[in-house]
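Engineer: What follows is structure_37.txt, compact mmCIF, C-alpha atoms.
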```
# COMPACT_ATOMS: atom_id res chain seq x y z
CA MET Q 1323 -13.78 -52.64 61.70
CA PHE Q 1324 -12.70 -55.07 59.01
CA ARG Q 1325 -11.38 -58.20 60.70
CA GLN Q 1326 -9.04 -59.09 57.87
CA HIS Q 1327 -7.47 -56.00 56.35
CA GLU Q 1328 -4.82 -58.01 54.59
CA ALA Q 1329 -7.43 -60.30 53.05
CA ILE Q 1330 -9.42 -57.32 51.73
CA ALA Q 1331 -6.27 -55.80 50.27
CA LYS Q 1332 -5.39 -59.09 48.59
CA LEU Q 1333 -8.85 -59.41 47.04
CA LEU Q 1334 -8.70 -55.85 45.68
CA LEU Q 1335 -5.38 -56.66 44.03
CA ASP Q 1336 -6.43 -60.09 42.72
CA ASP Q 1337 -5.50 -60.97 39.15
CA ASP Q 1338 -9.11 -61.96 38.45
CA PRO Q 1339 -11.11 -58.81 37.46
CA ALA Q 1340 -14.37 -60.48 38.54
CA THR Q 1341 -13.01 -61.00 42.06
CA VAL Q 1342 -11.90 -57.37 42.27
CA GLU Q 1343 -15.29 -56.07 41.09
CA LEU Q 1344 -17.20 -58.32 43.49
CA THR Q 1345 -15.06 -57.13 46.40
CA LYS Q 1346 -15.64 -53.50 45.40
CA GLU Q 1347 -19.40 -54.07 45.16
CA GLN Q 1348 -19.48 -55.57 48.64
CA LEU Q 1349 -17.49 -52.70 50.12
CA LEU Q 1350 -19.67 -50.12 48.38
CA ALA Q 1351 -22.80 -51.88 49.61
CA GLY Q 1352 -21.66 -51.22 53.18
CA GLY Q 1353 -21.92 -47.50 52.50
CA ALA Q 1354 -20.69 -44.80 54.85
CA LYS Q 1355 -20.11 -47.24 57.71
CA ASN Q 1356 -17.14 -48.66 55.76
CA VAL Q 1357 -15.38 -45.32 55.17
CA ALA Q 1358 -13.37 -45.30 58.42
CA ASP Q 1359 -12.01 -48.77 57.73
CA LEU Q 1360 -11.22 -47.98 54.12
CA LEU Q 1361 -9.32 -44.88 55.22
CA GLU Q 1362 -7.40 -46.99 57.74
CA LEU Q 1363 -6.46 -49.40 54.97
CA MET Q 1364 -5.49 -46.51 52.69
CA ALA Q 1365 -3.15 -45.04 55.33
CA GLY Q 1366 -0.81 -47.97 54.88
CA ALA Q 1367 -1.38 -48.52 51.17
CA SER Q 1368 0.44 -47.29 48.08
CA GLY Q 1369 0.29 -47.58 44.32
CA ARG Q 1370 -2.66 -49.41 42.79
CA LEU Q 1371 -4.22 -50.37 46.13
CA ALA Q 1372 -4.19 -46.78 47.37
CA LYS Q 1373 -5.84 -45.66 44.13
CA ILE Q 1374 -8.58 -48.31 44.39
CA LEU Q 1375 -9.29 -47.45 48.04
CA ARG Q 1376 -9.39 -43.73 47.28
CA GLU Q 1377 -11.90 -44.30 44.48
CA LEU Q 1378 -14.07 -46.46 46.77
CA VAL Q 1379 -14.10 -43.85 49.54
CA THR Q 1380 -14.95 -41.09 47.07
CA GLU Q 1381 -17.80 -43.08 45.50
CA ILE Q 1382 -19.26 -43.90 48.93
CA GLU Q 1383 -19.03 -40.27 50.07
CA VAL Q 1384 -20.68 -38.97 46.88
CA THR Q 1385 -23.49 -41.53 47.10
CA ASP Q 1386 -24.03 -40.73 50.77
CA ALA Q 1387 -24.07 -36.98 50.03
CA ARG Q 1388 -26.69 -37.48 47.31
CA GLN Q 1389 -28.86 -39.52 49.66
CA GLN Q 1390 -28.51 -37.02 52.48
CA PHE Q 1391 -29.33 -34.13 50.17
CA THR Q 1392 -32.47 -35.87 48.92
CA LYS Q 1393 -33.51 -36.68 52.47
CA THR Q 1394 -33.04 -33.19 53.93
CA CYS Q 1395 -33.47 -30.62 51.13
CA SER Q 1396 -37.22 -30.26 51.64
CA SER Q 1397 -36.99 -29.65 55.39
CA ILE Q 1398 -34.36 -26.93 55.78
CA SER Q 1399 -35.50 -24.02 57.94
CA SER Q 1400 -32.37 -22.20 59.13
CA LEU Q 1401 -29.09 -20.79 57.86
CA ASP Q 1402 -27.28 -23.67 59.54
CA ASP Q 1403 -29.44 -26.13 57.57
CA LEU Q 1404 -28.75 -24.21 54.37
CA GLU Q 1405 -25.00 -24.24 54.94
CA GLU Q 1406 -24.95 -27.98 55.62
CA ILE Q 1407 -26.84 -28.71 52.44
CA CYS Q 1408 -24.46 -26.49 50.46
CA TRP Q 1409 -21.57 -28.61 51.72
CA LEU Q 1410 -23.45 -31.75 50.63
CA LEU Q 1411 -23.93 -30.22 47.19
CA ALA Q 1412 -20.19 -29.58 47.00
CA LYS Q 1413 -19.42 -33.21 47.89
CA VAL Q 1414 -21.65 -34.40 45.04
CA PHE Q 1415 -20.05 -32.20 42.37
CA LEU Q 1416 -16.50 -32.10 43.77
CA PRO Q 1417 -15.70 -35.74 44.66
CA GLY Q 1418 -12.97 -36.16 47.22
CA ILE Q 1419 -13.03 -32.55 48.43
CA SER Q 1420 -11.97 -31.89 52.04
CA LEU Q 1421 -14.60 -29.63 53.56
CA PRO Q 1422 -13.12 -28.89 57.03
CA ARG Q 1423 -10.60 -26.51 55.45
CA TYR Q 1424 -13.39 -24.44 53.89
CA ARG Q 1425 -15.40 -24.35 57.09
CA GLY Q 1426 -12.23 -23.12 58.78
CA VAL Q 1427 -11.84 -20.31 56.24
CA LEU Q 1428 -15.38 -19.09 56.98
CA ASP Q 1429 -14.59 -19.25 60.71
CA GLU Q 1430 -11.46 -17.14 60.19
CA TRP Q 1431 -13.33 -14.55 58.14
CA ALA Q 1432 -16.03 -14.37 60.80
CA ASP Q 1433 -13.44 -13.69 63.49
CA GLU Q 1434 -11.98 -10.89 61.40
CA MET Q 1435 -15.44 -9.52 60.62
CA ARG Q 1436 -16.37 -9.50 64.31
CA HIS Q 1437 -13.17 -7.66 65.16
CA ARG Q 1438 -13.61 -5.04 62.43
CA SER Q 1439 -17.27 -4.43 63.27
CA GLN Q 1440 -16.30 -3.32 66.78
CA ILE Q 1441 -14.18 -0.37 65.69
CA PHE Q 1442 -16.73 1.73 63.80
CA ASN Q 1443 -16.26 5.43 64.48
CA SER Q 1444 -19.21 6.79 62.53
CA GLU Q 1445 -22.54 5.91 60.95
CA ALA Q 1446 -20.91 6.26 57.54
CA GLU Q 1447 -18.40 3.55 58.43
CA GLN Q 1448 -21.22 1.27 59.52
CA LEU Q 1449 -23.07 1.97 56.28
CA GLY Q 1450 -20.14 0.91 54.14
CA PHE Q 1451 -19.02 -2.00 56.31
CA LEU Q 1452 -20.10 -4.87 54.05
CA THR Q 1453 -18.68 -3.22 50.95
CA ASP Q 1454 -15.35 -2.66 52.65
CA PHE Q 1455 -15.11 -6.11 54.23
CA PHE Q 1456 -16.43 -8.44 51.53
CA GLY Q 1457 -15.82 -6.34 48.43
CA ASN Q 1458 -12.50 -4.66 49.23
CA TYR Q 1459 -10.79 -6.68 51.99
CA LEU Q 1460 -11.84 -10.17 50.81
CA GLY Q 1461 -12.33 -9.23 47.16
CA PHE Q 1462 -15.65 -10.96 46.44
CA ARG Q 1463 -17.53 -9.96 43.28
CA GLY Q 1464 -19.47 -11.41 40.39
CA ASN Q 1465 -17.88 -13.74 37.86
CA SER Q 1466 -18.87 -11.81 34.75
CA ASP Q 1467 -16.23 -13.53 32.62
CA ASP Q 1468 -17.54 -17.06 33.26
CA TYR Q 1469 -21.03 -16.54 34.64
CA TYR Q 1470 -22.48 -19.90 33.56
CA SER Q 1471 -19.90 -22.14 35.18
CA ILE Q 1472 -21.02 -24.86 37.61
CA ARG Q 1473 -18.25 -23.71 39.95
CA ASN Q 1474 -20.11 -20.44 40.56
CA SER Q 1475 -22.81 -22.42 42.39
CA LEU Q 1476 -20.47 -24.46 44.61
CA LEU Q 1477 -19.45 -22.90 47.93
CA PRO Q 1478 -15.81 -24.16 48.05
CA CYS Q 1479 -15.17 -22.87 44.52
CA VAL Q 1480 -16.61 -19.46 45.37
CA ILE Q 1481 -14.44 -19.33 48.50
CA ASP Q 1482 -11.31 -20.19 46.47
CA SER Q 1483 -11.90 -17.84 43.54
CA ARG Q 1484 -13.77 -15.03 45.39
CA ARG Q 1485 -16.08 -15.04 42.35
CA GLY Q 1486 -19.63 -16.28 41.90
CA ILE Q 1487 -23.19 -15.45 40.92
CA PRO Q 1488 -25.53 -13.29 43.04
CA THR Q 1489 -26.99 -16.11 45.14
CA SER Q 1490 -23.72 -17.93 45.87
CA LEU Q 1491 -21.97 -14.67 46.75
CA ALA Q 1492 -24.83 -13.80 49.09
CA LEU Q 1493 -24.26 -17.13 50.85
CA ILE Q 1494 -20.77 -15.99 51.85
CA TYR Q 1495 -22.24 -12.84 53.42
CA LEU Q 1496 -24.93 -14.83 55.24
CA PHE Q 1497 -22.73 -17.65 56.55
CA VAL Q 1498 -19.85 -15.43 57.67
CA GLY Q 1499 -22.28 -12.95 59.22
CA LYS Q 1500 -24.05 -15.75 61.10
CA ARG Q 1501 -20.76 -16.93 62.58
CA ALA Q 1502 -19.82 -13.38 63.57
CA GLY Q 1503 -23.17 -12.73 65.25
CA ILE Q 1504 -24.03 -10.09 62.64
CA GLU Q 1505 -27.50 -10.34 61.11
CA ILE Q 1506 -27.44 -10.27 57.32
CA THR Q 1507 -30.48 -11.36 55.33
CA GLY Q 1508 -31.18 -12.17 51.70
CA VAL Q 1509 -33.29 -9.98 49.43
CA ASP Q 1510 -34.82 -11.52 46.33
CA LEU Q 1511 -35.21 -9.24 43.32
CA PRO Q 1512 -36.52 -10.55 39.99
CA GLY Q 1513 -33.43 -11.78 38.15
CA HIS Q 1514 -31.07 -10.71 40.94
CA PHE Q 1515 -30.22 -11.28 44.59
CA LEU Q 1516 -29.10 -8.77 47.24
CA VAL Q 1517 -28.38 -8.78 50.96
CA ARG Q 1518 -29.55 -6.48 53.75
CA TYR Q 1519 -27.57 -5.27 56.75
CA GLN Q 1520 -28.94 -2.75 59.27
CA GLY Q 1521 -31.71 -1.80 56.86
CA GLN Q 1522 -29.29 -1.07 54.01
CA LEU Q 1523 -29.26 -3.08 50.78
CA PHE Q 1524 -26.02 -4.31 49.20
CA ASP Q 1525 -25.23 -6.00 45.89
CA PRO Q 1526 -22.68 -8.84 46.40
CA PHE Q 1527 -22.25 -9.22 42.64
CA GLU Q 1528 -21.00 -5.63 42.45
CA GLY Q 1529 -18.49 -6.04 45.29
CA GLY Q 1530 -21.03 -5.16 47.97
CA ARG Q 1531 -22.14 -1.93 46.33
CA ILE Q 1532 -24.73 -0.02 48.36
CA MET Q 1533 -28.15 -0.11 46.71
CA ARG Q 1534 -30.77 2.58 47.20
CA HIS Q 1535 -34.43 1.63 47.42
CA ARG Q 1536 -35.18 3.72 44.36
CA ASP Q 1537 -32.68 1.64 42.37
CA CYS Q 1538 -34.41 -1.54 43.50
CA LEU Q 1539 -37.85 -0.17 42.67
CA LYS Q 1540 -36.63 0.73 39.20
CA ALA Q 1541 -35.41 -2.85 38.77
CA LEU Q 1542 -38.81 -4.10 39.90
CA ARG Q 1543 -40.60 -1.83 37.46
CA ASP Q 1544 -38.30 -2.98 34.66
CA LYS Q 1545 -39.33 -6.55 35.53
CA LYS Q 1546 -42.98 -5.44 35.77
CA ASP Q 1547 -43.14 -6.06 39.52
CA GLY Q 1548 -43.33 -2.87 41.55
CA SER Q 1549 -44.11 -4.55 44.87
CA LEU Q 1550 -42.26 -3.11 47.84
CA ALA Q 1551 -42.77 -6.43 49.63
CA THR Q 1552 -40.13 -7.93 47.36
CA ILE Q 1553 -37.40 -5.82 48.95
CA SER Q 1554 -38.80 -5.65 52.48
CA VAL Q 1555 -39.19 -9.33 53.34
CA ALA Q 1556 -36.22 -11.51 54.33
CA VAL Q 1557 -35.88 -14.53 52.07
CA SER Q 1558 -36.17 -17.93 53.74
CA PRO Q 1559 -33.33 -20.50 53.52
CA LYS Q 1560 -35.61 -22.77 51.48
CA VAL Q 1561 -36.21 -20.06 48.87
CA ILE Q 1562 -32.46 -19.44 48.65
CA LEU Q 1563 -31.86 -23.16 48.11
CA ALA Q 1564 -34.47 -23.16 45.33
CA HIS Q 1565 -32.53 -20.33 43.67
CA ILE Q 1566 -29.27 -22.27 43.94
CA LEU Q 1567 -30.80 -25.39 42.40
CA SER Q 1568 -32.60 -23.43 39.67
CA ASN Q 1569 -29.34 -21.75 38.66
CA LEU Q 1570 -27.52 -25.08 38.70
CA LEU Q 1571 -30.20 -26.80 36.63
CA TYR Q 1572 -30.10 -24.02 34.04
CA ILE Q 1573 -26.33 -24.46 33.71
CA LEU Q 1574 -26.60 -28.25 33.48
CA GLU Q 1575 -29.19 -28.02 30.73
CA HIS Q 1576 -26.66 -26.16 28.60
CA GLU Q 1577 -23.74 -28.48 29.23
CA GLU Q 1578 -23.01 -32.19 28.82
CA HIS Q 1579 -24.03 -33.27 32.31
CA GLN Q 1580 -27.00 -35.52 31.62
CA GLU Q 1581 -26.27 -37.67 34.68
CA TYR Q 1582 -26.82 -34.69 36.98
CA ARG Q 1583 -29.86 -33.04 35.41
CA GLY Q 1584 -32.48 -35.48 36.66
CA MET Q 1585 -30.97 -35.45 40.15
CA VAL Q 1586 -30.99 -31.66 40.46
CA SER Q 1587 -34.45 -31.42 38.87
CA ASN Q 1588 -35.77 -33.88 41.45
CA TRP Q 1589 -34.20 -31.91 44.30
CA LEU Q 1590 -35.73 -28.68 43.02
CA SER Q 1591 -39.17 -30.31 42.88
CA LEU Q 1592 -38.78 -31.56 46.45
CA VAL Q 1593 -37.87 -28.08 47.68
CA LYS Q 1594 -40.65 -26.28 45.80
CA ASP Q 1595 -43.32 -28.80 46.75
CA SER Q 1596 -42.52 -28.78 50.48
```
Represent the structure of the file as structure tokens.
Structural biologist:
Amino acid sequence: MFRQHEAIAKLLLDDDPATVELTKEQLLAGGAKNVADLLELMAGASGRLAKILRELVTEIEVTDARQQFTKTCSSISSLDDLEEICWLLAKVFLPGISLPRYRGVLDEWADEMRHRSQIFNSEAEQLGFLTDFFGNYLGFRGNSDDYYSIRNSLLPCVIDSRRGIPTSLALIYLFVGKRAGIEITGVDLPGHFLVRYQGQLFDPFEGGRIMRHRDCLKALRDKKDGSLATISVAVSPKVILAHILSNLLYILEHEEHQEYRGMVSNWLSLVKDS
């Protein structure tokens, strides 16, 4: 804990810009260990001081998220690992975001999913469960109108808008299913991404539309890859992360986000090389 909160506040409000910048640099150098104290200071602050403290906390959290992502992205091996790294990605691209609320939303959906899954009356109801729950009840589907938006790759944005790209939409199915104790796995098709539940394939981009194997095989043939293994093997969390980063890098290369391109490219290399 800072021993002299009032002194820190005074330095941050000093009339000398050099003094203010030096104080900021010292607080930033302390990293994540300073966040709790900065938040305590911010609780009693207003105006310019509150703004400065908020910016400091945000910069520390973003820097810490980048470092944590770099440190862990090559070693993820479970859905829990994948979810945690998706939250880190959100903190990097959405500075200042409050993640507990979004975790809570997934928890609530999982509770509802668990409840609904217990009242099946027929095999047909089981077959259409994911379509009904995610596509109709929650309203998730592909963002065809703004496909190449960075927001389509960020979990909180997908939760808010109920729109995304195939991989990010699949994440909602996987993470909610995991919480509900319902096994849903990813299926990687060339140029597309599906999910599997009880042996049945679903397309999250099309509102959870049921996919027949013959449809998938046709897609494989169209892409000159007729291998059944492509639709029969569950995709690992690391492969899913590589898809997320590849999509993000493609978007960044077509927008003015030079400061992010090298970072995401490095992360993708770490994941692919591990």
Engineer: Select, from Q:Leu1493, Q:Leu1335, Q:Val1555, Q:Val1498, the residue with the minimum atom-to-atom distance to Q:Asp1433, counting all atoms listed in the file.
Structural biologist: Q:Val1498
Engineer: Counting only C-alpha atoms, which of Q:Met1533, Q:Leu1361, Q:Leu1371, Q:Ile1441 gets nearest to Q:Val1342?
Structural biologist: Q:Leu1371
Engineer: Using all atoms listed in the file, can you list as a ChimeraX atom specification the residues within 12 Å of (-25.3, -42.1, 53.8)?
Structural biologist: /Q:1350-1357,1381-1394,1410
Engineer: Counting only C-alpha atoms, which of Q:Leu1452, Q:Leu1563, Q:Leu1574, Q:Leu1592 gets nearest to Q:Ser1399?
Structural biologist: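 With only C-alpha atoms as the atom set, the closest residue is Q:Leu1563.
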Engineer: To one decimal place in Å, what is the distance between atom CA of Q:Tyr1459 and atom CA of Q:Glu1430?
Structural biologist: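 Distance reported for this atom pair: 13.3 Å.
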Engineer: Counting only C-alpha atoms, which residue out of Q:Asp1468, Q:Leu1401, Q:Glu1377, Q:Pro1478 sits closest to Q:Tyr1424?
Structural biologist: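 Answer, going by the shortest atom-to-atom distance: Q:Pro1478.
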Engineer: Between atom CA of Q:Pro1417 and atom CA of Q:Leu1476, what distance in Å does the model show, to one decimal?
Structural biologist: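 Here the two named atoms are 12.2 Å from each other.
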Engineer: Given only C-alpha atoms as the basis, pick out the residue of Q:Ser1558, Q:Ile1472, Q:Ile1481, Q:Phe1451 nearest to Q:Ile1532.
Structural biologist: Q:Phe1451
Engineer: Taking all atoms of stretch 1452-1470 of chain Q that appear in the file, build a box with edges along x, y and z, extend it by 5 Å on every side, and state its centre and edge lengths in Å to one decimal, as AutoDock Vina command-line options.
Structural biologist:
```
--center_x -16.6 --center_y -11.3 --center_z 43.4 --size_x 21.7 --size_y 27.2 --size_z 31.6
```
Engineer: Quick one: everything within 10 Å of Q:His1565, counting all atoms listed in the file, minus sequence neighbours fewer than 2 positions away in the same chain. Send it as a list in words.
Structural biologist: Pro1488, Thr1489, Ser1490, Asp1510, Phe1515, Pro1559, Lys1560, Val1561, Ile1562, Leu1563, Leu1567, Ser1568, Asn1569, Leu1570, Leu1571 and Leu1590 of chain Q
Engineer: For those residues, write C-alpha atoms to a file as a PDB file, in the frame of the given file.
Structural biologist:
```
ATOM      1  CA  PRO Q1488     -25.530 -13.290  43.040  1.00  0.00           C
ATOM      2  CA  THR Q1489     -26.990 -16.110  45.140  1.00  0.00           C
ATOM      3  CA  SER Q1490     -23.720 -17.930  45.870  1.00  0.00           C
ATOM      4  CA  ASP Q1510     -34.820 -11.520  46.330  1.00  0.00           C
ATOM      5  CA  PHE Q1515     -30.220 -11.280  44.590  1.00  0.00           C
ATOM      6  CA  PRO Q1559     -33.330 -20.500  53.520  1.00  0.00           C
ATOM      7  CA  LYS Q1560     -35.610 -22.770  51.480  1.00  0.00           C
ATOM      8  CA  VAL Q1561     -36.210 -20.060  48.870  1.00  0.00           C
ATOM      9  CA  ILE Q1562     -32.460 -19.440  48.650  1.00  0.00           C
ATOM     10  CA  LEU Q1563     -31.860 -23.160  48.110  1.00  0.00           C
ATOM     11  CA  LEU Q1567     -30.800 -25.390  42.400  1.00  0.00           C
ATOM     12  CA  SER Q1568     -32.600 -23.430  39.670  1.00  0.00           C
ATOM     13  CA  ASN Q1569     -29.340 -21.750  38.660  1.00  0.00           C
ATOM     14  CA  LEU Q1570     -27.520 -25.080  38.700  1.00  0.00           C
ATOM     15  CA  LEU Q1571     -30.200 -26.800  36.630  1.00  0.00           C
ATOM     16  CA  LEU Q1590     -35.730 -28.680  43.020  1.00  0.00           C
TER      17      LEU Q1590
END
```
Engineer: What's the separation between atom CA of Q:Gln1580 and atom CA of Q:Lys1594, in Å to one decimal place?
Structural biologist: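 These atoms are spaced 21.7 Å apart.
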Engineer: For each of Q:Gly1529, Q:Glu1581, Q:Leu1477, Q:Leu1333, take the minimum atom-to-atom distance to Q:Leu1516, counting only C-alpha atoms, then give the residue where this is smallest.
Structural biologist: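 Between Q:Gly1529, Q:Glu1581, Q:Leu1477, Q:Leu1333, the residue approaching Q:Leu1516 most closely is Q:Gly1529.
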Engineer: Using only C-alpha atoms, which residues sit within 10 Å of Q:Trp1431 once same-chain residues fewer than 3 positions away are excluded, as a list of chain:residue names?
Structural biologist: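 Surrounding residues, per the criterion: Q:Gly1426, Q:Val1427, Q:Leu1428, Q:Glu1434, Q:Met1435, Q:Arg1436, Q:His1437, Q:Phe1455, Q:Phe1456, Q:Leu1460, Q:Ile1494, Q:Val1498, Q:Gly1499, Q:Arg1501, Q:Ala1502.
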Engineer: Which residues are near Q:Leu1416? Cut-off 10 Å, only C-alpha atoms, ignore same chain within fewer than 2 positions. Put them as a PyMOL selection string.
Structural biologist: chain Q and resi 1380+1384+1410-1414+1418-1420+1473+1476+1478-1479
Engineer: For C-alpha atoms, I'd like the residues from the last selection saved as a PDB file, keeping the file's coordinate frame.
Structural biologist:
```pdb
ATOM      1  CA  THR Q1380     -14.950 -41.090  47.070  1.00  0.00           C
ATOM      2  CA  VAL Q1384     -20.680 -38.970  46.880  1.00  0.00           C
ATOM      3  CA  LEU Q1410     -23.450 -31.750  50.630  1.00  0.00           C
ATOM      4  CA  LEU Q1411     -23.930 -30.220  47.190  1.00  0.00           C
ATOM      5  CA  ALA Q1412     -20.190 -29.580  47.000  1.00  0.00           C
ATOM      6  CA  LYS Q1413     -19.420 -33.210  47.890  1.00  0.00           C
ATOM      7  CA  VAL Q1414     -21.650 -34.400  45.040  1.00  0.00           C
ATOM      8  CA  GLY Q1418     -12.970 -36.160  47.220  1.00  0.00           C
ATOM      9  CA  ILE Q1419     -13.030 -32.550  48.430  1.00  0.00           C
ATOM     10  CA  SER Q1420     -11.970 -31.890  52.040  1.00  0.00           C
ATOM     11  CA  ARG Q1473     -18.250 -23.710  39.950  1.00  0.00           C
ATOM     12  CA  LEU Q1476     -20.470 -24.460  44.610  1.00  0.00           C
ATOM     13  CA  PRO Q1478     -15.810 -24.160  48.050  1.00  0.00           C
ATOM     14  CA  CYS Q1479     -15.170 -22.870  44.520  1.00  0.00           C
TER      15      CYS Q1479
END
```
Engineer: As a short mmCIF file (atom, residue, chain, number, x, y, z; two decimals), in the frame of the given file, please: stretch 1374-1388 of chain Q completed to N, CA and C atoms.
Structural biologist:
```cif
data_model
loop_
_atom_site.label_atom_id
_atom_site.label_comp_id
_atom_site.auth_asym_id
_atom_site.auth_seq_id
_atom_site.Cartn_x
_atom_site.Cartn_y
_atom_site.Cartn_z
N ILE Q 1374 -7.29 -47.61 44.31
CA ILE Q 1374 -8.58 -48.31 44.39
C ILE Q 1374 -9.34 -47.88 45.65
N LEU Q 1375 -8.65 -47.82 46.77
CA LEU Q 1375 -9.29 -47.45 48.04
C LEU Q 1375 -9.79 -46.01 47.99
N ARG Q 1376 -8.99 -45.13 47.39
CA ARG Q 1376 -9.39 -43.73 47.28
C ARG Q 1376 -10.65 -43.60 46.44
N GLU Q 1377 -10.72 -44.34 45.36
CA GLU Q 1377 -11.90 -44.30 44.48
C GLU Q 1377 -13.13 -44.84 45.22
N LEU Q 1378 -12.95 -45.89 46.00
CA LEU Q 1378 -14.07 -46.46 46.77
C LEU Q 1378 -14.60 -45.46 47.79
N VAL Q 1379 -13.69 -44.83 48.53
CA VAL Q 1379 -14.10 -43.85 49.54
C VAL Q 1379 -14.83 -42.69 48.88
N THR Q 1380 -14.32 -42.21 47.77
CA THR Q 1380 -14.95 -41.09 47.07
C THR Q 1380 -16.34 -41.46 46.59
N GLU Q 1381 -16.49 -42.66 46.00
CA GLU Q 1381 -17.80 -43.08 45.50
C GLU Q 1381 -18.81 -43.22 46.64
N ILE Q 1382 -18.36 -43.76 47.77
CA ILE Q 1382 -19.26 -43.90 48.93
C ILE Q 1382 -19.68 -42.53 49.44
N GLU Q 1383 -18.72 -41.61 49.54
CA GLU Q 1383 -19.03 -40.27 50.07
C GLU Q 1383 -19.98 -39.52 49.15
N VAL Q 1384 -19.79 -39.65 47.83
CA VAL Q 1384 -20.68 -38.97 46.88
C VAL Q 1384 -22.09 -39.56 46.96
N THR Q 1385 -22.18 -40.88 47.01
CA THR Q 1385 -23.49 -41.53 47.10
C THR Q 1385 -24.20 -41.14 48.39
N ASP Q 1386 -23.45 -41.12 49.49
CA ASP Q 1386 -24.03 -40.73 50.77
C ASP Q 1386 -24.49 -39.28 50.74
N ALA Q 1387 -23.70 -38.39 50.11
CA ALA Q 1387 -24.07 -36.98 50.03
C ALA Q 1387 -25.35 -36.81 49.22
N ARG Q 1388 -25.47 -37.55 48.13
CA ARG Q 1388 -26.69 -37.48 47.31
C ARG Q 1388 -27.91 -37.92 48.14
#
```
